[in-house]
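Student: So that you have it, the file is final_39.txt, and it contains compact mmCIF, C-alpha atoms and all ligand atoms:
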# COMPACT_ATOMS: atom_id res chain seq x y z
CA MET H 902 0.00 0.00 0.00
CA ALA H 903 2.68 2.47 1.06
CA GLY H 904 4.48 1.89 -2.26
CA LEU H 905 1.39 2.78 -4.27
CA GLU H 906 0.88 6.04 -2.41
CA ASN H 907 4.34 7.18 -3.49
CA GLU H 908 3.84 6.22 -7.08
CA PRO H 909 3.47 9.71 -8.56
CA MET H 910 6.67 10.80 -6.88
CA VAL H 911 8.58 7.78 -8.13
CA LEU H 912 7.33 8.42 -11.65
CA CYS H 913 8.35 12.04 -11.40
CA LEU H 914 11.81 11.06 -10.24
CA LEU H 915 12.17 8.55 -13.08
CA LEU H 916 11.15 11.22 -15.56
CA LEU H 917 13.70 13.64 -14.14
CA ILE H 918 16.45 11.06 -14.32
CA THR H 919 15.54 10.25 -17.93
CA ILE H 920 15.57 13.91 -18.91
CA SER H 921 18.93 14.62 -17.32
CA PHE H 922 20.49 11.54 -18.95
CA GLY H 923 19.08 12.66 -22.27
CA LEU H 924 20.54 16.14 -21.81
CA SER H 925 23.96 14.84 -20.93
CA PHE H 926 23.94 12.85 -24.19
CA ILE H 927 23.05 15.88 -26.24
CA CYS H 928 25.98 17.93 -24.90
CA THR H 929 28.61 15.28 -25.31
CA VAL H 930 31.84 16.98 -26.12
CA ALA H 931 33.41 15.13 -23.23
CA GLU H 932 34.42 17.61 -20.58
CA LEU H 933 38.06 17.79 -19.67
CA GLN H 934 38.89 17.20 -16.05
CA ARG H 935 39.11 20.53 -14.29
CA PHE H 936 41.13 21.52 -11.24
CA GLU H 937 40.16 24.55 -9.23
CA HIS H 938 43.09 26.63 -8.08
CA PRO H 939 41.71 29.93 -6.74
CA THR H 940 43.75 33.08 -7.15
CA LYS H 941 45.26 34.36 -3.89
CA SER H 942 43.09 36.81 -2.00
CA HIS H 943 45.15 39.82 -3.11
CA GLY H 944 44.39 38.93 -6.72
CA THR H 945 47.75 37.74 -7.98
CA LEU H 946 48.74 34.38 -9.36
CA SER H 947 52.26 33.14 -9.83
CA PHE H 948 53.84 29.92 -10.93
CA LEU H 949 57.00 28.42 -12.36
CA VAL H 950 57.31 26.55 -15.65
CA ILE H 951 59.90 23.84 -16.19
CA GLY H 952 60.32 21.13 -18.81
CA ASP H 953 62.48 18.22 -19.88
CA TRP H 954 63.94 17.60 -16.47
CA GLY H 955 63.99 14.10 -14.88
CA ARG H 956 67.63 12.99 -14.86
CA LYS H 957 68.19 12.14 -11.19
CA GLY H 958 69.78 15.51 -10.59
CA GLU H 959 72.30 15.31 -13.40
CA PHE H 960 73.00 17.82 -16.16
CA ASN H 961 72.37 20.70 -13.74
CA GLN H 962 68.87 19.49 -12.86
CA SER H 963 69.66 19.93 -9.16
CA GLU H 964 71.13 23.39 -9.70
CA VAL H 965 68.01 24.48 -11.59
CA ALA H 966 65.86 22.98 -8.82
CA LEU H 967 67.74 25.00 -6.21
CA GLN H 968 67.13 28.26 -8.06
CA MET H 969 63.47 27.37 -8.64
CA GLY H 970 63.15 26.99 -4.88
CA ARG H 971 64.69 30.42 -4.33
CA ILE H 972 62.60 32.22 -6.96
CA GLY H 973 59.53 30.20 -5.98
CA LYS H 974 59.84 31.53 -2.46
CA ARG H 975 60.35 35.11 -3.56
CA LEU H 976 57.28 34.99 -5.82
CA ASP H 977 55.25 32.94 -3.33
CA ILE H 978 54.21 30.64 -6.17
CA ASP H 979 50.84 28.92 -6.28
CA PHE H 980 52.00 25.90 -8.29
CA THR H 981 54.49 24.64 -10.85
CA VAL H 982 53.78 23.65 -14.45
CA SER H 983 55.76 20.86 -16.08
CA THR H 984 55.82 20.92 -19.88
CA GLY H 985 56.68 17.20 -20.13
CA ASP H 986 59.57 14.83 -20.70
CA ASN H 987 59.32 14.31 -16.99
CA PHE H 988 61.51 11.22 -16.78
CA TYR H 989 64.47 10.33 -19.00
CA ASP H 990 65.27 8.47 -21.10
CA ASN H 991 62.10 6.44 -21.39
CA GLY H 992 59.51 7.77 -18.96
CA LEU H 993 58.66 5.56 -15.99
CA GLU H 994 58.84 1.78 -16.19
CA GLY H 995 55.77 1.49 -13.99
CA GLU H 996 54.06 2.97 -10.97
CA ASN H 997 56.81 1.69 -8.70
CA ASP H 998 59.76 2.97 -10.73
CA PRO H 999 62.16 4.57 -8.20
CA ALA H 1000 62.97 7.21 -10.84
CA PHE H 1001 59.81 9.01 -9.76
CA GLU H 1002 61.34 9.82 -6.40
CA GLU H 1003 64.93 10.04 -7.61
CA SER H 1004 64.13 12.55 -10.34
CA PHE H 1005 61.22 14.41 -8.73
CA THR H 1006 60.61 14.06 -4.98
CA LYS H 1007 64.28 14.09 -3.98
CA ILE H 1008 65.24 16.89 -6.38
CA TYR H 1009 62.58 19.58 -5.97
CA THR H 1010 62.85 19.69 -2.21
CA ALA H 1011 62.56 23.43 -1.52
CA LYS H 1012 59.67 24.44 0.67
CA SER H 1013 58.31 26.84 -1.94
CA LEU H 1014 58.03 24.00 -4.45
CA GLN H 1015 55.81 21.86 -2.20
CA LYS H 1016 52.74 22.90 -4.15
CA ARG H 1017 50.93 21.13 -6.95
CA TRP H 1018 52.86 20.24 -10.08
CA TYR H 1019 50.52 20.26 -13.07
CA SER H 1020 52.23 18.09 -15.67
CA VAL H 1021 51.71 16.88 -19.21
CA LEU H 1022 53.43 13.95 -20.90
CA GLY H 1023 56.29 14.41 -23.37
CA ASN H 1024 57.41 12.07 -26.13
CA HIS H 1025 60.02 10.48 -23.85
CA ASP H 1026 57.30 9.76 -21.29
CA TYR H 1027 55.39 7.87 -24.00
CA ARG H 1028 58.44 5.64 -24.52
CA GLY H 1029 57.88 4.10 -21.11
CA ASP H 1030 54.69 3.17 -19.27
CA ALA H 1031 52.79 6.38 -20.03
CA GLU H 1032 49.81 5.35 -17.95
CA ALA H 1033 52.01 4.96 -14.86
CA GLN H 1034 52.57 8.72 -14.75
CA LEU H 1035 48.83 9.28 -14.82
CA SER H 1036 48.23 6.88 -11.97
CA PRO H 1037 46.72 8.28 -8.75
CA LEU H 1038 49.10 5.91 -6.96
CA LEU H 1039 51.94 8.37 -7.64
CA ARG H 1040 49.99 11.00 -5.73
CA LYS H 1041 50.24 8.75 -2.70
CA VAL H 1042 54.02 8.77 -3.06
CA ASP H 1043 54.17 12.54 -3.66
CA SER H 1044 50.93 14.47 -3.34
CA ARG H 1045 52.19 17.33 -5.52
CA TRP H 1046 52.05 15.20 -8.68
CA ILE H 1047 49.11 15.90 -11.00
CA CYS H 1048 49.70 14.46 -14.45
CA LEU H 1049 46.91 13.89 -16.94
CA ARG H 1050 46.80 13.74 -20.70
CA SER H 1051 44.64 16.84 -21.34
CA PHE H 1052 43.00 18.85 -18.56
CA LEU H 1053 42.19 22.32 -17.24
CA VAL H 1054 43.28 24.39 -14.29
CA ASN H 1055 40.91 27.16 -13.39
CA ALA H 1056 42.86 29.76 -11.44
CA GLU H 1057 40.21 32.48 -11.68
CA ILE H 1058 42.12 35.32 -13.36
CA ALA H 1059 43.83 32.73 -15.54
CA GLU H 1060 42.77 29.47 -17.04
CA LEU H 1061 45.37 26.92 -18.09
CA PHE H 1062 44.57 24.38 -20.81
CA PHE H 1063 46.90 21.39 -20.87
CA VAL H 1064 47.12 19.55 -24.20
CA ASP H 1065 48.52 16.08 -24.83
CA THR H 1066 50.59 16.92 -27.92
CA THR H 1067 52.67 13.76 -28.46
CA PRO H 1068 49.92 11.82 -30.29
CA PHE H 1069 49.66 14.69 -32.79
CA VAL H 1070 53.19 14.11 -34.10
CA GLU H 1071 52.98 11.75 -37.10
CA GLU H 1072 56.65 10.87 -37.06
CA TYR H 1073 56.36 8.91 -33.79
CA PHE H 1074 53.87 6.53 -35.39
CA THR H 1075 56.19 5.60 -38.22
CA GLU H 1076 59.72 5.73 -36.81
CA LYS H 1077 61.34 2.38 -36.05
CA GLU H 1078 63.91 3.58 -33.51
CA HIS H 1079 61.65 3.80 -30.46
CA THR H 1080 58.47 2.19 -29.24
CA TYR H 1081 55.67 4.25 -27.79
CA ASP H 1082 52.93 3.38 -25.32
CA TRP H 1083 49.88 4.33 -27.34
CA ARG H 1084 47.38 2.66 -25.01
CA GLY H 1085 44.36 4.90 -24.64
CA VAL H 1086 45.19 7.26 -27.52
CA THR H 1087 44.28 5.16 -30.55
CA PRO H 1088 43.01 5.42 -33.16
CA GLN H 1089 45.26 8.45 -33.43
CA LYS H 1090 42.94 10.47 -35.70
CA THR H 1091 39.92 9.99 -33.48
CA TYR H 1092 41.87 10.71 -30.33
CA THR H 1093 43.53 13.92 -31.54
CA ALA H 1094 40.27 15.18 -33.08
CA GLU H 1095 38.57 14.62 -29.72
CA VAL H 1096 41.36 16.46 -27.85
CA LEU H 1097 40.98 19.46 -30.15
CA LYS H 1098 37.21 19.44 -29.70
CA GLU H 1099 37.55 19.36 -25.93
CA ILE H 1100 40.11 22.16 -25.87
CA GLU H 1101 38.06 24.29 -28.24
CA SER H 1102 34.94 23.76 -26.17
CA ALA H 1103 36.79 24.67 -22.96
CA LEU H 1104 38.30 27.79 -24.55
CA ARG H 1105 34.91 28.84 -25.84
CA GLN H 1106 33.44 28.62 -22.34
CA SER H 1107 36.35 30.29 -20.58
CA THR H 1108 35.79 33.70 -19.05
CA ALA H 1109 39.29 33.95 -17.58
CA LYS H 1110 41.26 37.11 -18.19
CA TRP H 1111 44.38 35.18 -19.21
CA LYS H 1112 44.20 32.09 -21.36
CA ILE H 1113 47.29 29.93 -21.28
CA VAL H 1114 47.75 26.73 -23.25
CA VAL H 1115 50.45 24.25 -22.25
CA GLY H 1116 51.79 21.36 -24.34
CA HIS H 1117 55.03 19.46 -24.62
CA HIS H 1118 55.81 20.23 -28.25
CA ALA H 1119 56.54 23.73 -29.48
CA ILE H 1120 54.27 25.39 -31.98
CA ARG H 1121 57.13 27.76 -32.84
CA SER H 1122 60.77 27.08 -32.03
CA VAL H 1123 64.15 27.88 -33.53
CA GLY H 1124 65.82 25.19 -31.43
CA HIS H 1125 66.81 21.66 -32.38
CA HIS H 1126 63.32 20.30 -33.18
CA GLY H 1127 61.92 23.54 -34.58
CA ASP H 1128 58.23 24.17 -35.29
CA THR H 1129 55.72 21.35 -34.94
CA GLN H 1130 53.80 21.40 -38.23
CA GLU H 1131 50.91 19.29 -36.93
CA LEU H 1132 50.30 21.84 -34.16
CA ILE H 1133 50.62 24.82 -36.51
CA GLN H 1134 47.96 23.27 -38.71
CA ARG H 1135 45.58 21.87 -36.13
CA LEU H 1136 46.03 23.60 -32.76
CA LEU H 1137 47.22 27.12 -33.58
CA PRO H 1138 44.04 28.19 -35.44
CA ILE H 1139 41.99 27.34 -32.34
CA LEU H 1140 44.33 29.27 -30.05
CA LYS H 1141 44.05 32.31 -32.30
CA ALA H 1142 40.27 32.06 -32.59
CA TYR H 1143 39.88 32.19 -28.81
CA ASN H 1144 42.51 34.86 -28.10
CA VAL H 1145 44.94 32.69 -26.19
CA ASP H 1146 47.64 34.86 -24.63
CA PHE H 1147 50.47 32.37 -24.20
CA TYR H 1148 51.41 28.96 -25.50
CA MET H 1149 53.99 27.29 -23.22
CA ASN H 1150 55.97 24.19 -24.10
CA GLY H 1151 59.15 22.22 -23.63
CA HIS H 1152 60.68 19.66 -26.05
CA ASP H 1153 63.55 21.85 -27.21
CA HIS H 1154 66.05 21.97 -24.35
CA CYS H 1155 66.32 25.72 -24.23
CA LEU H 1156 64.47 28.88 -23.24
CA GLU H 1157 62.72 30.87 -25.95
CA HIS H 1158 60.28 33.68 -26.53
CA ILE H 1159 58.83 33.99 -30.03
CA SER H 1160 55.97 36.27 -31.00
CA ASP H 1161 53.35 35.79 -33.69
CA ASN H 1162 53.12 38.08 -36.69
CA GLU H 1163 49.35 37.89 -37.01
CA SER H 1164 48.07 37.66 -33.44
CA PRO H 1165 48.99 38.68 -29.88
CA ILE H 1166 49.88 35.10 -28.92
CA GLN H 1167 53.36 34.63 -27.46
CA PHE H 1168 55.21 31.31 -27.80
CA LEU H 1169 57.28 30.46 -24.73
CA THR H 1170 59.62 27.48 -24.50
CA SER H 1171 60.74 26.27 -21.09
CA GLY H 1172 62.44 22.95 -21.78
CA ALA H 1173 65.74 23.52 -20.05
CA GLY H 1174 65.24 21.57 -16.83
CA SER H 1175 68.36 19.43 -17.24
CA LYS H 1176 70.34 18.47 -20.35
CA ALA H 1177 70.85 21.50 -22.61
CA TRP H 1178 73.55 23.22 -24.67
CA ARG H 1179 72.65 21.47 -27.90
CA GLY H 1180 74.31 24.22 -29.93
CA ASP H 1181 72.21 24.00 -33.07
CA VAL H 1182 69.95 27.05 -32.96
CA LYS H 1183 68.73 28.31 -36.33
CA GLU H 1184 67.33 31.64 -37.53
CA LEU H 1185 68.23 33.62 -34.43
CA ASN H 1186 67.99 36.85 -36.36
CA ARG H 1187 64.34 36.48 -37.21
CA GLU H 1188 62.32 39.46 -36.05
CA ASP H 1189 59.75 37.37 -34.20
CA VAL H 1190 62.45 35.66 -32.11
CA LYS H 1191 62.60 37.87 -29.04
CA PHE H 1192 64.82 35.68 -26.92
CA PHE H 1193 66.73 32.41 -27.13
CA TYR H 1194 69.02 30.76 -24.56
CA ASP H 1195 70.63 27.41 -25.21
CA GLY H 1196 71.48 26.52 -21.58
CA GLN H 1197 69.63 25.30 -18.50
CA GLY H 1198 67.01 27.37 -16.72
CA PHE H 1199 63.31 27.92 -16.11
CA MET H 1200 60.52 30.47 -16.36
CA SER H 1201 58.24 32.28 -13.93
CA VAL H 1202 54.79 33.75 -14.57
CA GLN H 1203 53.15 36.44 -12.42
CA LEU H 1204 49.64 37.58 -13.22
CA THR H 1205 47.14 40.14 -12.04
CA GLN H 1206 43.89 41.13 -13.77
CA THR H 1207 45.73 43.71 -15.85
CA GLU H 1208 49.37 42.71 -16.05
CA SER H 1209 51.50 39.67 -16.77
CA VAL H 1210 55.20 39.39 -16.13
CA ILE H 1211 57.12 36.45 -17.54
CA VAL H 1212 60.76 36.01 -16.60
CA PHE H 1213 63.41 33.54 -17.80
CA TYR H 1214 66.27 32.52 -15.47
CA ASP H 1215 69.48 30.59 -16.00
CA VAL H 1216 71.05 27.92 -13.79
CA PHE H 1217 72.30 30.60 -11.37
CA GLY H 1218 68.87 32.20 -11.05
CA THR H 1219 70.05 35.19 -13.06
CA VAL H 1220 67.33 36.98 -15.04
CA LEU H 1221 67.89 36.52 -18.77
CA HIS H 1222 64.74 37.95 -20.31
CA ARG H 1223 61.51 39.57 -19.20
CA LEU H 1224 58.20 40.00 -21.02
CA THR H 1225 55.52 42.31 -19.62
CA THR H 1226 52.01 42.45 -21.08
CA PHE H 1227 49.11 44.70 -20.11
CA LYS H 1228 45.38 44.21 -20.41
CA GLN H 1229 42.48 46.60 -19.95
CA LEU H 1230 40.52 45.93 -16.80
CA HIS H 1231 37.16 45.95 -18.60
CA SER H 1232 38.02 44.66 -22.05
CA ALA H 1233 35.45 42.54 -23.83
CA ILE H 1234 36.09 38.84 -23.40
C1 LIG Q 1 75.88 23.52 -15.94
O1 LIG Q 1 75.77 24.92 -16.02
C2 LIG Q 1 76.98 25.63 -16.26
C3 LIG Q 1 76.65 27.10 -16.26
O2 LIG Q 1 75.75 27.41 -17.31
C4 LIG Q 1 77.61 25.17 -17.57
O3 LIG Q 1 78.85 25.80 -17.74
C5 LIG Q 1 77.79 23.67 -17.55
O4 LIG Q 1 78.26 23.25 -18.81
C6 LIG Q 1 76.46 23.00 -17.26
N1 LIG Q 1 76.64 21.55 -17.18
C7 LIG Q 1 76.03 20.73 -18.03
C8 LIG Q 1 76.32 19.27 -17.83
O5 LIG Q 1 75.28 21.09 -18.91
Please re-express this file's structure in structure tokens.
Ligand SMILES: *[C@@H]1O[C@H](CO)[C@@H](O)[C@H](O)[C@H]1NC(C)=O
Tutor:
Amino acid sequence: MAGLENEPMVLCLLLLITISFGLSFICTVAELQRFEHPTKSHGTLSFLVIGDWGRKGEFNQSEVALQMGRIGKRLDIDFTVSTGDNFYDNGLEGENDPAFEESFTKIYTAKSLQKRWYSVLGNHDYRGDAEAQLSPLLRKVDSRWICLRSFLVNAEIAELFFVDTTPFVEEYFTEKEHTYDWRGVTPQKTYTAEVLKEIESALRQSTAKWKIVVGHHAIRSVGHHGDTQELIQRLLPILKAYNVDFYMNGHDHCLEHISDNESPIQFLTSGAGSKAWRGDVKELNREDVKFFYDGQGFMSVQLTQTESVIVFYDVFGTVLHRLTTFKQLHSAI
């Protein structure tokens, strides 16, 4: 009897559930996982950017780490961004690979660096067990570690869009020299198309003052690897359409600042976390190349609603280059 009395309510509930399921199917560009990282109460956000680093302290990795700790303290950073190639030479062998602690936990020991590390995968990470780096188990070992393929960090005045760029690069699918862990990213065409859709959808919805996209591979670089054609063709048009301010990457083991001739976007390479000094820079005299440094170092980003300051440092923490950008407080989004 009691069951019958409640029948209208049960029906109503069922209807509601059906409608909401239906709706969620209609809007199915899968949503990227989003992390909330509120801007500090006084309205500033600051973080460090480092790439291509995990070599158990060698090739000046430890020296760079020391200076990151010093600058991180001075800027009171909110988090660190890793542009990938987190563990050399071939990523992690598995979730229990001691390289995770030897190249990360035991290297970036400064107090100021004990904040979240938002990380993407690089091509070297794909040469090992790529999924191991994504495993929540690593967060139990070191709670700073946040590594996903593509995801978002909403930091109020800024939004950061992390893109898994390795599967975009055709060459890795045909070369015979290395093997890659493509679990979860095949078929390549479907996967990369989906990533672009998700990023585009997230950019379209973003109301953040500063839009920052992070990937491992450079869109523009005059270093060893140079431009990444696949990203110029497929990712760059989206970044321009949604007024992205900065594209940050690693891959080339250097520090670079290149501007775009047709849009305000600035290309920033921070891939100098350990082995560097490759010595094969090209086209240094190009007008859009604002800065290039072939040695080790890192980058800092400081943001307010109206101003961004990006600074490059060498292995001694010496300032090499600074880029300041202003925005109107009430500009149209
Ligand atoms: C470490 O940094 C110093 C200063 O830039 C440089 O002279 C030295 O060659 C670097 N070591 C390596 C292994 O790159």
Student: Which protein, DNA or RNA residues have an atom within 10 Å of ligand LIG 1 (chain Q), counting all atoms listed in the file, as JSON, numbers by chain?
Tutor: {"H": [959, 960, 961, 962, 963, 964, 965, 1173, 1175, 1176, 1177, 1178, 1179, 1195, 1196, 1197, 1198, 1215, 1216, 1217]}
Student: For the selection you just gave me, I'd like the residues written to a file as a PDB file, in the frame of the given file, keeping C-alpha atoms.
Tutor:
ATOM      1  CA  GLU H 959      72.300  15.310 -13.400  1.00  0.00           C
ATOM      2  CA  PHE H 960      73.000  17.820 -16.160  1.00  0.00           C
ATOM      3  CA  ASN H 961      72.370  20.700 -13.740  1.00  0.00           C
ATOM      4  CA  GLN H 962      68.870  19.490 -12.860  1.00  0.00           C
ATOM      5  CA  SER H 963      69.660  19.930  -9.160  1.00  0.00           C
ATOM      6  CA  GLU H 964      71.130  23.390  -9.700  1.00  0.00           C
ATOM      7  CA  VAL H 965      68.010  24.480 -11.590  1.00  0.00           C
ATOM      8  CA  ALA H1173      65.740  23.520 -20.050  1.00  0.00           C
ATOM      9  CA  SER H1175      68.360  19.430 -17.240  1.00  0.00           C
ATOM     10  CA  LYS H1176      70.340  18.470 -20.350  1.00  0.00           C
ATOM     11  CA  ALA H1177      70.850  21.500 -22.610  1.00  0.00           C
ATOM     12  CA  TRP H1178      73.550  23.220 -24.670  1.00  0.00           C
ATOM     13  CA  ARG H1179      72.650  21.470 -27.900  1.00  0.00           C
ATOM     14  CA  ASP H1195      70.630  27.410 -25.210  1.00  0.00           C
ATOM     15  CA  GLY H1196      71.480  26.520 -21.580  1.00  0.00           C
ATOM     16  CA  GLN H1197      69.630  25.300 -18.500  1.00  0.00           C
ATOM     17  CA  GLY H1198      67.010  27.370 -16.720  1.00  0.00           C
ATOM     18  CA  ASP H1215      69.480  30.590 -16.000  1.00  0.00           C
ATOM     19  CA  VAL H1216      71.050  27.920 -13.790  1.00  0.00           C
ATOM     20  CA  PHE H1217      72.300  30.600 -11.370  1.00  0.00           C
TER      21      PHE H1217
END
Student: Which is closer to Gly1116 (chain H) than all the others in H:His1152, H:Arg935, H:Lys974, H:Lys1007, using only C-alpha atoms?
Tutor: H:His1152
Student: May I ask for the distance between CA of Glu1071 (chain H) and CA of Leu1039 (chain H), given in Å to one decimal place?
Tutor: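 Going from CA of Glu1071 (chain H) over to CA of Leu1039 (chain H), I get 29.7 Å.
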Student: So that I can see what lies close to Ala1142 (chain H), please list as a PyMOL selection string the residues with an atom at most 10 Å from it, counting all atoms listed in the file and leaving out residues fewer than 5 positions away in the same chain.
Tutor: chain H and resi 1101+1104-1105+1137+1164
Student: With all atoms listed in the file counted and 7 Å as the cut-off, give the residues of region 1109-1164 of chain H in contact with region 1048-1061 of chain H, each with its shortest interatomic distance in Å and the pair that gives it, as CSV.
Tutor:
residue,atom,partner,partner_atom,distance
H:Ala1109,CA,H:Ala1059,CA,5.1
H:Lys1110,CA,H:Ile1058,CA,5.2
H:Trp1111,CA,H:Ala1059,CA,4.4
H:Lys1112,CA,H:Glu1060,CA,5.3
H:Ile1113,CA,H:Leu1061,CA,4.8
H:Val1114,CA,H:Leu1061,CA,5.7
Student: With distances taken over all atoms listed in the file, which of H:Ile1211, H:Leu1169, H:Leu967, H:Leu1156 is nearest to Ile1008 (chain H)?
Tutor: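 Using all atoms listed in the file, Ile1008 (chain H) sits closest to H:Leu967.
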Student: Which residues are near Thr984 (chain H)? Cut-off 10 Å, all atoms listed in the file, ignore same chain within fewer than 4 positions. Put them as a compact mmCIF listing (two decimals) with C-alpha atoms, keeping the file's coordinate frame.
Tutor:
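Once everything was written out, this is around34.txt:
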# COMPACT_ATOMS: atom_id res chain seq x y z
CA VAL H 950 57.31 26.55 -15.65
CA ILE H 951 59.90 23.84 -16.19
CA GLY H 952 60.32 21.13 -18.81
CA ASP H 953 62.48 18.22 -19.88
CA TRP H 954 63.94 17.60 -16.47
CA TYR H 1019 50.52 20.26 -13.07
CA SER H 1020 52.23 18.09 -15.67
CA VAL H 1021 51.71 16.88 -19.21
CA LEU H 1022 53.43 13.95 -20.90
CA GLY H 1023 56.29 14.41 -23.37
CA PHE H 1063 46.90 21.39 -20.87
CA VAL H 1064 47.12 19.55 -24.20
CA VAL H 1115 50.45 24.25 -22.25
CA GLY H 1116 51.79 21.36 -24.34
CA HIS H 1117 55.03 19.46 -24.62
CA HIS H 1118 55.81 20.23 -28.25
CA MET H 1149 53.99 27.29 -23.22
CA ASN H 1150 55.97 24.19 -24.10
CA GLY H 1151 59.15 22.22 -23.63
CA HIS H 1152 60.68 19.66 -26.05
CA THR H 1170 59.62 27.48 -24.50
CA SER H 1171 60.74 26.27 -21.09
CA GLY H 1172 62.44 22.95 -21.78
CA GLY H 1174 65.24 21.57 -16.83
Student: Suppose you want the space between CA of Ala1031 (chain H) and CA of Phe948 (chain H); what is it in Å?
Tutor: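 According to the coordinates, CA of Ala1031 (chain H) and CA of Phe948 (chain H) are separated by 25.3 Å.
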Student: Pick out the residues sitting within 12 Å of region 1093-1097 of chain H, and hand them over as a PyMOL selection string; count all atoms listed in the file, and ignore anything fewer than 2 positions along from it in its own chain.
Tutor: chain H and resi 929-933+1050-1052+1062-1071+1085-1091+1099-1105+1131-1132+1134-1140
Student: Can you work out which one of H:Ser942, H:Gln1015, H:Ser1160, H:Gln934 has the shortest atom-to-atom distance to Thr981 (chain H), counting all atoms listed in the file?
Tutor: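 Answer, going by the shortest atom-to-atom distance: H:Gln1015.
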